[in-house]
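File shown: model_35.txt (compact mmCIF, N, CA and C atoms).
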```
# COMPACT_ATOMS: atom_id res chain seq x y z
N GLN A 618 -38.23 31.72 -53.09
CA GLN A 618 -37.70 32.28 -51.86
C GLN A 618 -37.28 31.15 -50.92
N VAL A 619 -35.99 31.10 -50.64
CA VAL A 619 -35.50 30.06 -49.74
C VAL A 619 -35.75 30.49 -48.30
N GLN A 620 -36.28 29.58 -47.52
CA GLN A 620 -36.49 29.84 -46.09
C GLN A 620 -35.88 28.71 -45.27
N LEU A 621 -35.25 29.09 -44.18
CA LEU A 621 -34.62 28.13 -43.27
C LEU A 621 -35.28 28.26 -41.91
N VAL A 622 -35.64 27.14 -41.33
CA VAL A 622 -36.27 27.14 -40.02
C VAL A 622 -35.50 26.22 -39.09
N GLU A 623 -35.00 26.81 -38.00
CA GLU A 623 -34.26 26.03 -37.01
C GLU A 623 -35.18 25.59 -35.88
N SER A 624 -34.82 24.50 -35.25
CA SER A 624 -35.53 24.02 -34.07
C SER A 624 -34.56 23.21 -33.23
N GLY A 625 -34.96 22.95 -31.98
CA GLY A 625 -34.16 22.09 -31.12
C GLY A 625 -33.36 22.79 -30.06
N GLY A 626 -33.35 24.11 -30.06
CA GLY A 626 -32.62 24.82 -29.01
C GLY A 626 -33.30 24.65 -27.66
N GLY A 627 -32.63 25.08 -26.62
CA GLY A 627 -33.19 24.98 -25.29
C GLY A 627 -32.15 25.25 -24.23
N SER A 628 -32.51 24.91 -23.00
CA SER A 628 -31.62 25.11 -21.86
C SER A 628 -31.20 23.78 -21.27
N VAL A 629 -29.92 23.62 -21.06
CA VAL A 629 -29.40 22.38 -20.48
C VAL A 629 -28.29 22.72 -19.50
N GLN A 630 -27.95 21.75 -18.68
CA GLN A 630 -26.82 21.92 -17.80
C GLN A 630 -25.55 21.47 -18.51
N ALA A 631 -24.44 21.96 -18.03
CA ALA A 631 -23.15 21.59 -18.59
C ALA A 631 -23.02 20.06 -18.61
N GLY A 632 -22.49 19.56 -19.72
CA GLY A 632 -22.37 18.12 -19.89
C GLY A 632 -23.54 17.50 -20.62
N GLY A 633 -24.60 18.25 -20.79
CA GLY A 633 -25.78 17.75 -21.46
C GLY A 633 -25.67 17.79 -22.97
N SER A 634 -26.75 17.41 -23.63
CA SER A 634 -26.77 17.32 -25.08
C SER A 634 -28.02 17.98 -25.65
N LEU A 635 -27.89 18.48 -26.86
CA LEU A 635 -29.01 19.00 -27.62
C LEU A 635 -28.82 18.63 -29.08
N ARG A 636 -29.93 18.57 -29.81
CA ARG A 636 -29.87 18.33 -31.24
C ARG A 636 -30.64 19.43 -31.95
N LEU A 637 -29.93 20.17 -32.79
CA LEU A 637 -30.54 21.22 -33.58
C LEU A 637 -30.90 20.67 -34.95
N VAL A 638 -32.01 21.18 -35.47
CA VAL A 638 -32.47 20.79 -36.79
C VAL A 638 -32.73 22.04 -37.62
N CYS A 639 -32.35 22.01 -38.88
CA CYS A 639 -32.64 23.11 -39.78
C CYS A 639 -33.24 22.54 -41.06
N ALA A 640 -34.45 23.00 -41.36
CA ALA A 640 -35.14 22.55 -42.56
C ALA A 640 -35.24 23.71 -43.54
N ALA A 641 -34.79 23.47 -44.77
CA ALA A 641 -34.85 24.48 -45.82
C ALA A 641 -36.01 24.18 -46.76
N SER A 642 -36.66 25.24 -47.20
CA SER A 642 -37.72 25.11 -48.20
C SER A 642 -37.53 26.16 -49.27
N GLY A 643 -38.10 25.91 -50.44
CA GLY A 643 -38.03 26.87 -51.52
C GLY A 643 -36.81 26.74 -52.41
N SER A 644 -36.01 25.69 -52.21
CA SER A 644 -34.84 25.49 -53.06
C SER A 644 -34.96 24.17 -53.79
N SER A 645 -34.46 24.17 -55.04
CA SER A 645 -34.41 22.94 -55.81
C SER A 645 -32.97 22.61 -56.20
N ALA A 646 -32.03 23.26 -55.52
CA ALA A 646 -30.62 23.04 -55.81
C ALA A 646 -30.22 21.59 -55.53
N THR A 647 -29.42 21.03 -56.39
CA THR A 647 -28.93 19.67 -56.18
C THR A 647 -27.54 19.66 -55.56
N THR A 648 -26.87 20.80 -55.64
CA THR A 648 -25.55 20.95 -55.04
C THR A 648 -25.57 22.14 -54.09
N TYR A 649 -25.38 21.89 -52.84
CA TYR A 649 -25.42 22.98 -51.87
C TYR A 649 -24.69 22.58 -50.60
N GLY A 650 -24.31 23.58 -49.84
CA GLY A 650 -23.70 23.35 -48.54
C GLY A 650 -24.58 23.94 -47.45
N MET A 651 -24.46 23.40 -46.26
CA MET A 651 -25.22 23.92 -45.12
C MET A 651 -24.32 23.96 -43.89
N GLY A 652 -24.63 24.87 -43.01
CA GLY A 652 -23.80 24.98 -41.83
C GLY A 652 -24.51 25.67 -40.68
N TRP A 653 -23.78 25.78 -39.58
CA TRP A 653 -24.26 26.45 -38.37
C TRP A 653 -23.24 27.48 -37.92
N HIS A 654 -23.76 28.62 -37.56
CA HIS A 654 -22.97 29.65 -36.90
C HIS A 654 -23.64 29.95 -35.57
N ARG A 655 -22.93 30.60 -34.68
CA ARG A 655 -23.52 31.00 -33.41
C ARG A 655 -23.01 32.37 -33.03
N GLN A 656 -23.81 33.03 -32.20
CA GLN A 656 -23.43 34.35 -31.71
C GLN A 656 -23.76 34.45 -30.23
N ALA A 657 -22.73 34.64 -29.44
CA ALA A 657 -22.91 34.82 -28.00
C ALA A 657 -23.14 36.30 -27.73
N PRO A 658 -23.78 36.63 -26.63
CA PRO A 658 -24.03 38.04 -26.29
C PRO A 658 -22.74 38.85 -26.29
N GLY A 659 -22.75 39.96 -27.03
CA GLY A 659 -21.59 40.83 -27.06
C GLY A 659 -20.45 40.37 -27.93
N LYS A 660 -20.65 39.26 -28.65
CA LYS A 660 -19.58 38.72 -29.49
C LYS A 660 -20.03 38.65 -30.94
N ARG A 661 -19.06 38.44 -31.81
CA ARG A 661 -19.35 38.34 -33.23
C ARG A 661 -19.87 36.94 -33.56
N ARG A 662 -20.62 36.86 -34.65
CA ARG A 662 -21.10 35.56 -35.11
C ARG A 662 -19.90 34.75 -35.59
N GLU A 663 -19.88 33.46 -35.24
CA GLU A 663 -18.75 32.62 -35.59
C GLU A 663 -19.22 31.29 -36.16
N LEU A 664 -18.38 30.73 -37.01
CA LEU A 664 -18.67 29.42 -37.58
C LEU A 664 -18.61 28.35 -36.50
N VAL A 665 -19.59 27.45 -36.53
CA VAL A 665 -19.57 26.28 -35.66
C VAL A 665 -19.21 25.04 -36.47
N ALA A 666 -19.95 24.81 -37.54
CA ALA A 666 -19.71 23.63 -38.37
C ALA A 666 -20.33 23.86 -39.74
N PHE A 667 -19.77 23.17 -40.73
CA PHE A 667 -20.27 23.30 -42.10
C PHE A 667 -20.12 21.96 -42.80
N ILE A 668 -21.11 21.62 -43.62
CA ILE A 668 -21.03 20.41 -44.42
C ILE A 668 -21.19 20.82 -45.87
N GLY A 669 -20.17 20.51 -46.68
CA GLY A 669 -20.16 20.93 -48.06
C GLY A 669 -21.00 20.04 -48.96
N SER A 670 -21.08 20.45 -50.22
CA SER A 670 -21.88 19.71 -51.18
C SER A 670 -21.36 18.29 -51.38
N ASP A 671 -20.08 18.10 -51.11
CA ASP A 671 -19.49 16.77 -51.27
C ASP A 671 -19.54 15.96 -49.98
N GLY A 672 -20.12 16.54 -48.94
CA GLY A 672 -20.24 15.85 -47.67
C GLY A 672 -19.09 16.07 -46.71
N ASP A 673 -18.07 16.79 -47.17
CA ASP A 673 -16.95 17.09 -46.27
C ASP A 673 -17.41 18.02 -45.16
N THR A 674 -16.90 17.80 -43.97
CA THR A 674 -17.31 18.59 -42.81
C THR A 674 -16.16 19.42 -42.26
N THR A 675 -16.52 20.56 -41.71
CA THR A 675 -15.56 21.47 -41.07
C THR A 675 -16.13 21.86 -39.72
N TYR A 676 -15.28 21.89 -38.71
CA TYR A 676 -15.70 22.29 -37.37
C TYR A 676 -14.76 23.35 -36.81
N SER A 677 -15.31 24.20 -35.97
CA SER A 677 -14.45 25.13 -35.27
C SER A 677 -13.68 24.35 -34.22
N ARG A 678 -12.55 24.89 -33.83
CA ARG A 678 -11.72 24.21 -32.85
C ARG A 678 -12.46 24.06 -31.52
N ALA A 679 -13.34 25.01 -31.23
CA ALA A 679 -14.03 25.01 -29.95
C ALA A 679 -15.02 23.85 -29.80
N VAL A 680 -15.52 23.33 -30.93
CA VAL A 680 -16.55 22.30 -30.84
C VAL A 680 -16.11 20.95 -31.40
N LYS A 681 -14.97 20.90 -32.05
CA LYS A 681 -14.53 19.66 -32.67
C LYS A 681 -14.41 18.56 -31.63
N GLY A 682 -14.98 17.42 -31.96
CA GLY A 682 -14.96 16.29 -31.03
C GLY A 682 -16.18 16.21 -30.14
N ARG A 683 -16.95 17.30 -30.09
CA ARG A 683 -18.16 17.32 -29.27
C ARG A 683 -19.43 17.46 -30.11
N PHE A 684 -19.33 18.18 -31.23
CA PHE A 684 -20.47 18.42 -32.10
C PHE A 684 -20.32 17.60 -33.38
N THR A 685 -21.46 17.20 -33.94
CA THR A 685 -21.46 16.48 -35.21
C THR A 685 -22.53 17.05 -36.12
N ILE A 686 -22.11 17.45 -37.31
CA ILE A 686 -23.05 17.97 -38.30
C ILE A 686 -23.37 16.86 -39.30
N SER A 687 -24.62 16.81 -39.71
CA SER A 687 -25.04 15.83 -40.71
C SER A 687 -26.22 16.41 -41.47
N ARG A 688 -26.62 15.73 -42.52
CA ARG A 688 -27.75 16.25 -43.29
C ARG A 688 -28.44 15.13 -44.04
N ASP A 689 -29.68 15.41 -44.39
CA ASP A 689 -30.45 14.58 -45.31
C ASP A 689 -30.53 15.40 -46.59
N HIS A 690 -29.72 15.05 -47.56
CA HIS A 690 -29.55 15.88 -48.76
C HIS A 690 -30.87 16.06 -49.51
N ASP A 691 -31.61 15.00 -49.68
CA ASP A 691 -32.84 15.08 -50.48
C ASP A 691 -33.95 15.85 -49.77
N LYS A 692 -33.86 15.94 -48.45
CA LYS A 692 -34.88 16.65 -47.68
C LYS A 692 -34.45 18.06 -47.30
N TYR A 693 -33.28 18.49 -47.76
CA TYR A 693 -32.78 19.84 -47.47
C TYR A 693 -32.82 20.11 -45.97
N THR A 694 -32.40 19.14 -45.20
CA THR A 694 -32.43 19.26 -43.76
C THR A 694 -31.06 18.92 -43.19
N GLN A 695 -30.62 19.69 -42.23
CA GLN A 695 -29.36 19.40 -41.59
C GLN A 695 -29.56 19.33 -40.08
N TYR A 696 -28.60 18.69 -39.44
CA TYR A 696 -28.68 18.45 -38.01
C TYR A 696 -27.35 18.82 -37.35
N LEU A 697 -27.44 19.21 -36.10
CA LEU A 697 -26.23 19.45 -35.32
C LEU A 697 -26.42 18.77 -33.97
N GLU A 698 -25.70 17.67 -33.80
CA GLU A 698 -25.70 16.96 -32.53
C GLU A 698 -24.65 17.59 -31.64
N MET A 699 -25.08 18.08 -30.48
CA MET A 699 -24.17 18.78 -29.58
C MET A 699 -24.08 18.01 -28.27
N ASN A 700 -22.91 17.50 -27.98
CA ASN A 700 -22.69 16.71 -26.78
C ASN A 700 -21.69 17.41 -25.87
N ASN A 701 -21.70 17.01 -24.61
CA ASN A 701 -20.79 17.58 -23.61
C ASN A 701 -20.81 19.11 -23.69
N LEU A 702 -21.99 19.66 -23.66
CA LEU A 702 -22.13 21.12 -23.80
C LEU A 702 -21.48 21.85 -22.63
N LYS A 703 -20.94 23.01 -22.96
CA LYS A 703 -20.26 23.85 -21.98
C LYS A 703 -20.95 25.21 -21.91
N PRO A 704 -20.82 25.92 -20.81
CA PRO A 704 -21.44 27.26 -20.71
C PRO A 704 -21.01 28.18 -21.86
N GLU A 705 -19.80 28.03 -22.34
CA GLU A 705 -19.33 28.88 -23.45
C GLU A 705 -19.99 28.54 -24.78
N ASP A 706 -20.77 27.48 -24.83
CA ASP A 706 -21.54 27.16 -26.03
C ASP A 706 -22.85 27.95 -26.09
N THR A 707 -23.16 28.68 -25.05
CA THR A 707 -24.38 29.47 -25.01
C THR A 707 -24.38 30.53 -26.10
N GLY A 708 -25.53 30.66 -26.76
CA GLY A 708 -25.67 31.66 -27.81
C GLY A 708 -26.84 31.37 -28.71
N GLU A 709 -27.00 32.24 -29.69
CA GLU A 709 -28.02 32.05 -30.71
C GLU A 709 -27.37 31.28 -31.85
N TYR A 710 -27.98 30.19 -32.24
CA TYR A 710 -27.44 29.35 -33.31
C TYR A 710 -28.23 29.58 -34.59
N TYR A 711 -27.50 29.87 -35.66
CA TYR A 711 -28.11 30.19 -36.94
C TYR A 711 -27.75 29.16 -38.00
N CYS A 712 -28.74 28.78 -38.75
CA CYS A 712 -28.56 27.86 -39.87
C CYS A 712 -28.21 28.67 -41.12
N LEU A 713 -27.35 28.10 -41.93
CA LEU A 713 -26.91 28.74 -43.17
C LEU A 713 -27.00 27.73 -44.31
N MET A 714 -27.46 28.21 -45.47
CA MET A 714 -27.45 27.41 -46.69
C MET A 714 -26.75 28.19 -47.78
N VAL A 715 -25.87 27.54 -48.51
CA VAL A 715 -25.10 28.18 -49.57
C VAL A 715 -25.28 27.40 -50.86
N VAL A 716 -25.68 28.11 -51.91
CA VAL A 716 -25.78 27.51 -53.23
C VAL A 716 -24.89 28.32 -54.16
N ILE A 717 -23.83 27.70 -54.66
CA ILE A 717 -22.89 28.41 -55.51
C ILE A 717 -23.59 28.95 -56.74
N GLY A 718 -23.37 30.24 -57.00
CA GLY A 718 -23.96 30.88 -58.16
C GLY A 718 -25.36 31.41 -57.93
N GLN A 719 -25.92 31.09 -56.75
CA GLN A 719 -27.28 31.55 -56.46
C GLN A 719 -27.34 32.45 -55.24
N GLY A 720 -26.64 32.09 -54.19
CA GLY A 720 -26.66 32.93 -53.01
C GLY A 720 -26.57 32.14 -51.72
N SER A 721 -26.78 32.83 -50.62
CA SER A 721 -26.77 32.20 -49.30
C SER A 721 -27.92 32.76 -48.48
N TRP A 722 -28.39 31.94 -47.57
CA TRP A 722 -29.56 32.30 -46.77
C TRP A 722 -29.35 31.90 -45.32
N TRP A 723 -29.95 32.68 -44.41
CA TRP A 723 -29.84 32.43 -42.97
C TRP A 723 -31.22 32.14 -42.39
N GLY A 724 -31.21 31.33 -41.35
CA GLY A 724 -32.41 31.14 -40.57
C GLY A 724 -32.53 32.23 -39.53
N GLN A 725 -33.61 32.20 -38.75
CA GLN A 725 -33.87 33.22 -37.75
C GLN A 725 -33.12 32.97 -36.45
N GLY A 726 -32.64 31.76 -36.26
CA GLY A 726 -31.87 31.45 -35.06
C GLY A 726 -32.66 30.69 -34.03
N THR A 727 -31.94 29.92 -33.24
CA THR A 727 -32.53 29.22 -32.11
C THR A 727 -31.57 29.34 -30.92
N GLN A 728 -32.12 29.59 -29.76
CA GLN A 728 -31.30 29.89 -28.59
C GLN A 728 -30.85 28.61 -27.88
N VAL A 729 -29.58 28.58 -27.54
CA VAL A 729 -29.02 27.49 -26.73
C VAL A 729 -28.42 28.11 -25.48
N SER A 730 -28.85 27.61 -24.33
CA SER A 730 -28.33 28.12 -23.05
C SER A 730 -27.79 26.95 -22.24
N VAL A 731 -26.55 27.07 -21.82
CA VAL A 731 -25.91 26.01 -21.05
C VAL A 731 -25.49 26.59 -19.70
N SER A 732 -26.01 26.02 -18.64
CA SER A 732 -25.69 26.52 -17.30
C SER A 732 -24.65 25.62 -16.65
N SER A 733 -23.87 26.23 -15.78
CA SER A 733 -22.80 25.47 -15.11
C SER A 733 -23.30 24.81 -13.85
```
Show how you would write the structure in this file as structure tokens.
Amino acid sequence: QVQLVESGGGSVQAGGSLRLVCAASGSSATTYGMGWHRQAPGKRRELVAFIGSDGDTTYSRAVKGRFTISRDHDKYTQYLEMNNLKPEDTGEYYCLMVVIGQGSWWGQGTQVSVSS
């Protein structure tokens, strides 16, 4: 059973920074991708960033240039460095892990609140 646990959320003022961490357990996959999605109140869940099995990264237009996704492959852990945060970045941030041919899993989420 794969489990994902996020940490690092919190409340900051606009312009501040946060670092999210997602640790996966229960997987022995050697090839996998991980990413972050977020959901603001009253809105649909949306992709924030993704890092593929080959290390290629993808960012949403809203966060490109401000957020950086990275991972420790052997530790099944990923990170999201969030800089120059804006009030519109407020939401619940969810960790995602994808293993081709096996499935995908979500974390429980961590709240990020950015005040103006």
One-decimal distance in Å that lies between atom C of A:Pro658 and atom C of A:Cys639: 24.4 Å
Distance query A:Glu623 at most 9 Å, only C-alpha atoms, self and fewer than 2 positions along chain excluded, as a ChimeraX atom specification: /A:621,625-626,637-641,710-712,724-727
Expected answer as a ChimeraX atom specification: strand (DSSP E or B) residues in chain A: /A:620-624,627-630,635-642,650-656,663-668,674-676,681,684-689,694-699,708-716,720-723,727-732
Contacts between stretch 630-633 of chain A and stretch 654-716 of chain A, please, where a residue of stretch 654-716 of chain A counts if it comes within 8 Å (with all atoms listed in the file); show its shortest atom pair and distance in Å to one decimal, rows by chain and ascending number, as a Markdown table.
```
| residue | atom | partner | partner_atom | distance |
| --- | --- | --- | --- | --- |
| A:Met699 | C | A:Gly633 | C | 5.5 |
| A:Asn700 | C | A:Gly633 | C | 4.9 |
| A:Asn701 | CA | A:Gly632 | C | 4.1 |
| A:Leu702 | C | A:Gly632 | N | 3.8 |
| A:Lys703 | N | A:Gly632 | N | 5.0 |
| A:Pro704 | N | A:Ala631 | CA | 5.4 |
```
Output N, CA and C atoms for every residue in the selection just made, as a PDB file, in the coordinates of the input.
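Okay, this is what ended up in selection.pdb:
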```pdb
ATOM      1  N   MET A 699     -25.080  18.080 -30.480  1.00  0.00           N
ATOM      2  CA  MET A 699     -24.170  18.780 -29.580  1.00  0.00           C
ATOM      3  C   MET A 699     -24.080  18.010 -28.270  1.00  0.00           C
ATOM      4  N   ASN A 700     -22.910  17.500 -27.980  1.00  0.00           N
ATOM      5  CA  ASN A 700     -22.690  16.710 -26.780  1.00  0.00           C
ATOM      6  C   ASN A 700     -21.690  17.410 -25.870  1.00  0.00           C
ATOM      7  N   ASN A 701     -21.700  17.010 -24.610  1.00  0.00           N
ATOM      8  CA  ASN A 701     -20.790  17.580 -23.610  1.00  0.00           C
ATOM      9  C   ASN A 701     -20.810  19.110 -23.690  1.00  0.00           C
ATOM     10  N   LEU A 702     -21.990  19.660 -23.660  1.00  0.00           N
ATOM     11  CA  LEU A 702     -22.130  21.120 -23.800  1.00  0.00           C
ATOM     12  C   LEU A 702     -21.480  21.850 -22.630  1.00  0.00           C
ATOM     13  N   LYS A 703     -20.940  23.010 -22.960  1.00  0.00           N
ATOM     14  CA  LYS A 703     -20.260  23.850 -21.980  1.00  0.00           C
ATOM     15  C   LYS A 703     -20.950  25.210 -21.910  1.00  0.00           C
ATOM     16  N   PRO A 704     -20.820  25.920 -20.810  1.00  0.00           N
ATOM     17  CA  PRO A 704     -21.440  27.260 -20.710  1.00  0.00           C
ATOM     18  C   PRO A 704     -21.010  28.180 -21.860  1.00  0.00           C
TER      19      PRO A 704
END
```
Members of stretch 620-724 of chain A assigned helix (DSSP H, G or I) by DSSP, as a VMD selection string: chain A and resid 690 to 692 704 to 706
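Atom pair atom C of A:Ile668 / atom C of A:Gly627 has a distance of 24.7 Å (rounded to one decimal).
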Closest of A:Ala679, A:Met651, A:Leu664, A:Ala646 to A:Gln719 - atom-to-atom distances counting only C-alpha atoms: A:Ala646
Residue nearest A:Val619 - candidates A:Gly643, A:Gly652, A:Gly708, A:Thr674, atoms counted: all atoms listed in the file: A:Gly643
